[in-house]
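Notes follow once the structure below has been shown.
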Amino acid sequence: MYSETTRGIRVTVKPVFLEDQSSPADSRYVWAYFVKIENRGGERVQLRTRYWHITDGRGRVQEVRGAGVVGEQPVIGPGESYEYNSGTPLPTPSGIMRGSYQMETADGQRFDATIPVFSLDSPHQPGFPAGSSTRPSTRLN
């Protein structure tokens, strides 16, 4: 798991390689990622937008921007959390993702909560240890 905290907003990400949705012969590798956003601060926030910077194993970059996450713009009060999962395909057996969520406070202040840099690993990448599991538990504690 990977975590980062910005202004009391803790973002934790757990990536999981999806062997059953991947096709190495067709250069298609797919990952799910599970995200937990915790409000450890003292003010209510709303997630307004997302930004992802995705780099594949050859250094090619794809940027994704949009409103909210999975069709929602959740409001997260102090002590509350919000969880969702999504996924990404790559043409290479490994990659890296990072990004940010634009949050808005009740009084209209906006700030970017950092999504931690996390690696997208698969058993198809060179040097991957034999017998390593790519399917950890999907529960974020």
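Letters for chains follow the order of the structure tokens (A, B, ...), residue numbers begin at 1 for each chain, and ligand numbers begin at 1 in the order shown.
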Using only C-alpha atoms, which protein or nucleic acid residues come within 8 Å of segment 101-108 of chain A? Drop anything in the same chain fewer than 3 positions from it, and give the result as number ranges by chain. A: 43-51, 111-115
Restricting it to all heavy atoms, dump the selection as a CSV table (one decimal), in the first residue's frame.
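Listed below is the output, part27.csv:
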```csv
chain,number,residue,atom,x,y,z
A,43,GLU,N,-12.1,19.9,8.9
A,43,GLU,CA,-13.1,20.5,8.1
A,43,GLU,C,-13.6,19.6,7.0
A,43,GLU,O,-12.9,18.8,6.5
A,43,GLU,CB,-12.6,21.8,7.5
A,43,GLU,CG,-11.4,21.7,6.6
A,43,GLU,CD,-10.8,23.0,6.2
A,43,GLU,OE1,-11.5,24.0,6.2
A,43,GLU,OE2,-9.6,23.0,5.8
A,44,ARG,N,-14.9,19.8,6.7
A,44,ARG,CA,-15.5,19.0,5.7
A,44,ARG,C,-14.9,19.4,4.3
A,44,ARG,O,-14.7,20.6,4.1
A,44,ARG,CB,-17.0,19.3,5.7
A,44,ARG,CG,-17.8,18.5,4.6
A,44,ARG,CD,-19.3,18.9,4.6
A,44,ARG,NE,-19.5,20.3,4.3
A,44,ARG,CZ,-19.6,20.8,3.1
A,44,ARG,NH1,-19.5,20.0,2.0
A,44,ARG,NH2,-19.8,22.1,2.8
A,45,VAL,N,-14.7,18.4,3.4
A,45,VAL,CA,-14.2,18.7,2.1
A,45,VAL,C,-15.0,17.9,1.1
A,45,VAL,O,-15.7,16.9,1.4
A,45,VAL,CB,-12.7,18.3,1.9
A,45,VAL,CG1,-11.8,19.1,2.9
A,45,VAL,CG2,-12.5,16.8,2.2
A,46,GLN,N,-15.0,18.4,-0.1
A,46,GLN,CA,-15.7,17.7,-1.2
A,46,GLN,C,-14.6,17.5,-2.3
A,46,GLN,O,-13.9,18.4,-2.7
A,46,GLN,CB,-16.8,18.5,-1.8
A,46,GLN,CG,-17.6,17.7,-2.9
A,46,GLN,CD,-18.9,18.4,-3.3
A,46,GLN,OE1,-19.2,19.5,-3.0
A,46,GLN,NE2,-19.7,17.6,-4.0
A,47,LEU,N,-14.6,16.3,-2.8
A,47,LEU,CA,-13.6,16.0,-3.9
A,47,LEU,C,-14.3,16.5,-5.2
A,47,LEU,O,-15.4,16.0,-5.6
A,47,LEU,CB,-13.4,14.4,-4.0
A,47,LEU,CG,-12.3,13.9,-4.9
A,47,LEU,CD1,-11.9,12.6,-4.5
A,47,LEU,CD2,-12.7,14.0,-6.4
A,48,ARG,N,-13.6,17.4,-5.9
A,48,ARG,CA,-14.2,18.0,-7.1
A,48,ARG,C,-13.6,17.4,-8.4
A,48,ARG,O,-14.4,17.1,-9.3
A,48,ARG,CB,-13.9,19.6,-7.1
A,48,ARG,CG,-14.6,20.3,-6.0
A,48,ARG,CD,-16.1,20.2,-6.3
A,48,ARG,NE,-16.9,21.1,-5.5
A,48,ARG,CZ,-18.2,21.2,-5.6
A,48,ARG,NH1,-18.8,20.5,-6.5
A,48,ARG,NH2,-18.8,22.0,-4.8
A,49,THR,N,-12.3,17.3,-8.5
A,49,THR,CA,-11.7,16.8,-9.7
A,49,THR,C,-10.6,15.8,-9.4
A,49,THR,O,-10.1,15.8,-8.3
A,49,THR,CB,-11.1,17.9,-10.6
A,49,THR,OG1,-10.1,18.6,-9.9
A,49,THR,CG2,-12.2,18.9,-11.0
A,50,ARG,N,-10.2,15.0,-10.4
A,50,ARG,CA,-9.1,14.1,-10.3
A,50,ARG,C,-8.1,14.4,-11.4
A,50,ARG,O,-8.4,14.9,-12.5
A,50,ARG,CB,-9.5,12.7,-10.4
A,50,ARG,CG,-10.0,12.3,-11.8
A,50,ARG,CD,-10.6,10.9,-11.8
A,50,ARG,NE,-11.0,10.5,-13.2
A,50,ARG,CZ,-12.1,10.9,-13.8
A,50,ARG,NH1,-12.9,11.7,-13.2
A,50,ARG,NH2,-12.3,10.4,-15.0
A,51,TYR,N,-6.8,14.1,-11.1
A,51,TYR,CA,-5.7,14.2,-12.1
A,51,TYR,C,-4.9,12.9,-11.9
A,51,TYR,O,-4.4,12.7,-10.8
A,51,TYR,CB,-4.9,15.4,-12.0
A,51,TYR,CG,-3.6,15.4,-12.7
A,51,TYR,CD1,-3.6,15.5,-14.1
A,51,TYR,CD2,-2.4,15.2,-12.1
A,51,TYR,CE1,-2.4,15.4,-14.8
A,51,TYR,CE2,-1.2,15.1,-12.8
A,51,TYR,CZ,-1.2,15.3,-14.1
A,51,TYR,OH,0.0,15.2,-14.8
A,111,PHE,N,-7.8,23.0,-2.8
A,111,PHE,CA,-6.4,22.6,-2.6
A,111,PHE,C,-6.3,21.2,-3.3
A,111,PHE,O,-7.3,20.5,-3.4
A,111,PHE,CB,-5.9,22.6,-1.2
A,111,PHE,CG,-6.6,21.6,-0.3
A,111,PHE,CD1,-6.1,20.3,-0.1
A,111,PHE,CD2,-7.8,21.9,0.3
A,111,PHE,CE1,-6.7,19.4,0.7
A,111,PHE,CE2,-8.5,21.0,1.2
A,111,PHE,CZ,-7.9,19.7,1.4
A,112,ASP,N,-5.1,20.9,-3.6
A,112,ASP,CA,-4.8,19.6,-4.2
A,112,ASP,C,-4.3,18.6,-3.2
A,112,ASP,O,-3.3,18.9,-2.5
A,112,ASP,CB,-3.7,19.7,-5.4
A,112,ASP,CG,-4.3,20.4,-6.6
A,112,ASP,OD1,-5.5,20.4,-6.8
A,112,ASP,OD2,-3.5,21.0,-7.3
A,113,ALA,N,-5.0,17.5,-3.0
A,113,ALA,CA,-4.5,16.4,-2.2
A,113,ALA,C,-3.8,15.4,-3.0
A,113,ALA,O,-4.2,14.9,-4.0
A,113,ALA,CB,-5.8,15.7,-1.5
A,114,THR,N,-2.5,15.2,-2.6
A,114,THR,CA,-1.6,14.3,-3.4
A,114,THR,C,-2.0,12.9,-3.3
A,114,THR,O,-2.3,12.3,-2.3
A,114,THR,CB,-0.2,14.5,-2.9
A,114,THR,OG1,0.2,15.9,-3.0
A,114,THR,CG2,0.8,13.6,-3.7
A,115,ILE,N,-2.1,12.2,-4.5
A,115,ILE,CA,-2.2,10.8,-4.6
A,115,ILE,C,-0.8,10.3,-4.7
A,115,ILE,O,0.0,10.7,-5.5
A,115,ILE,CB,-2.9,10.4,-5.9
A,115,ILE,CG1,-4.4,11.0,-5.9
A,115,ILE,CG2,-3.0,8.8,-6.0
A,115,ILE,CD1,-5.1,10.8,-7.3
```
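For segment 2-113 of chain A, backbone-based DSSP assignment of helix (DSSP H, G or I) covers Glu19, Asp20, Gln21, Pro24, Ala25 and Asp26 of chain A.
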Out of chain A, which residues get strand (DSSP E or B) from DSSP, as JSON, numbers by chain? {"A": [2, 3, 4, 5, 6, 9, 10, 11, 12, 13, 14, 15, 16, 17, 23, 28, 29, 30, 31, 32, 33, 34, 35, 36, 37, 38, 39, 45, 46, 47, 48, 49, 50, 51, 52, 53, 54, 55, 56, 61, 62, 63, 64, 65, 66, 67, 69, 72, 75, 76, 81, 82, 83, 84, 85, 86, 87, 88, 89, 90, 95, 96, 97, 98, 99, 100, 101, 102, 103, 104, 105, 110, 111, 112, 113, 114, 115, 116, 117, 118, 119, 120]}
Got a sec: who's within 10 Å of segment 52-54 of chain A, counting only C-alpha atoms, leaving out chain neighbours fewer than 3 positions off, as JSON, numbers by chain? {"A": [59, 60, 61, 62, 63, 64, 65, 66, 88, 90, 95, 96, 97, 98, 99, 100, 101, 115, 117, 118, 119, 120]}
Could you write those residues out with C-alpha atoms, as a short mmCIF file (atom, residue, chain, number, x, y, z; two decimals), in the first residue's frame?
```
data_model
loop_
_atom_site.label_atom_id
_atom_site.label_comp_id
_atom_site.auth_asym_id
_atom_site.auth_seq_id
_atom_site.Cartn_x
_atom_site.Cartn_y
_atom_site.Cartn_z
CA GLY A 59 8.32 6.01 -20.33
CA ARG A 60 5.23 7.00 -22.32
CA VAL A 61 2.92 9.26 -20.35
CA GLN A 62 -0.85 9.47 -20.35
CA GLU A 63 -2.65 12.19 -18.38
CA VAL A 64 -6.26 11.85 -17.25
CA ARG A 65 -8.35 14.69 -15.85
CA GLY A 66 -12.00 14.74 -14.94
CA THR A 88 -6.02 1.00 -15.90
CA LEU A 90 -1.03 -0.52 -20.10
CA GLY A 95 4.31 1.25 -14.93
CA ILE A 96 3.92 4.04 -12.41
CA MET A 97 0.95 6.20 -11.45
CA ARG A 98 0.64 9.39 -9.44
CA GLY A 99 -1.82 12.23 -9.26
CA SER A 100 -4.00 14.51 -7.17
CA TYR A 101 -7.57 15.23 -6.17
CA ILE A 115 -2.19 10.78 -4.62
CA VAL A 117 3.29 7.57 -6.48
CA PHE A 118 2.66 3.84 -6.82
CA SER A 119 4.07 1.13 -9.01
CA LEU A 120 2.13 -1.15 -11.31
#
```
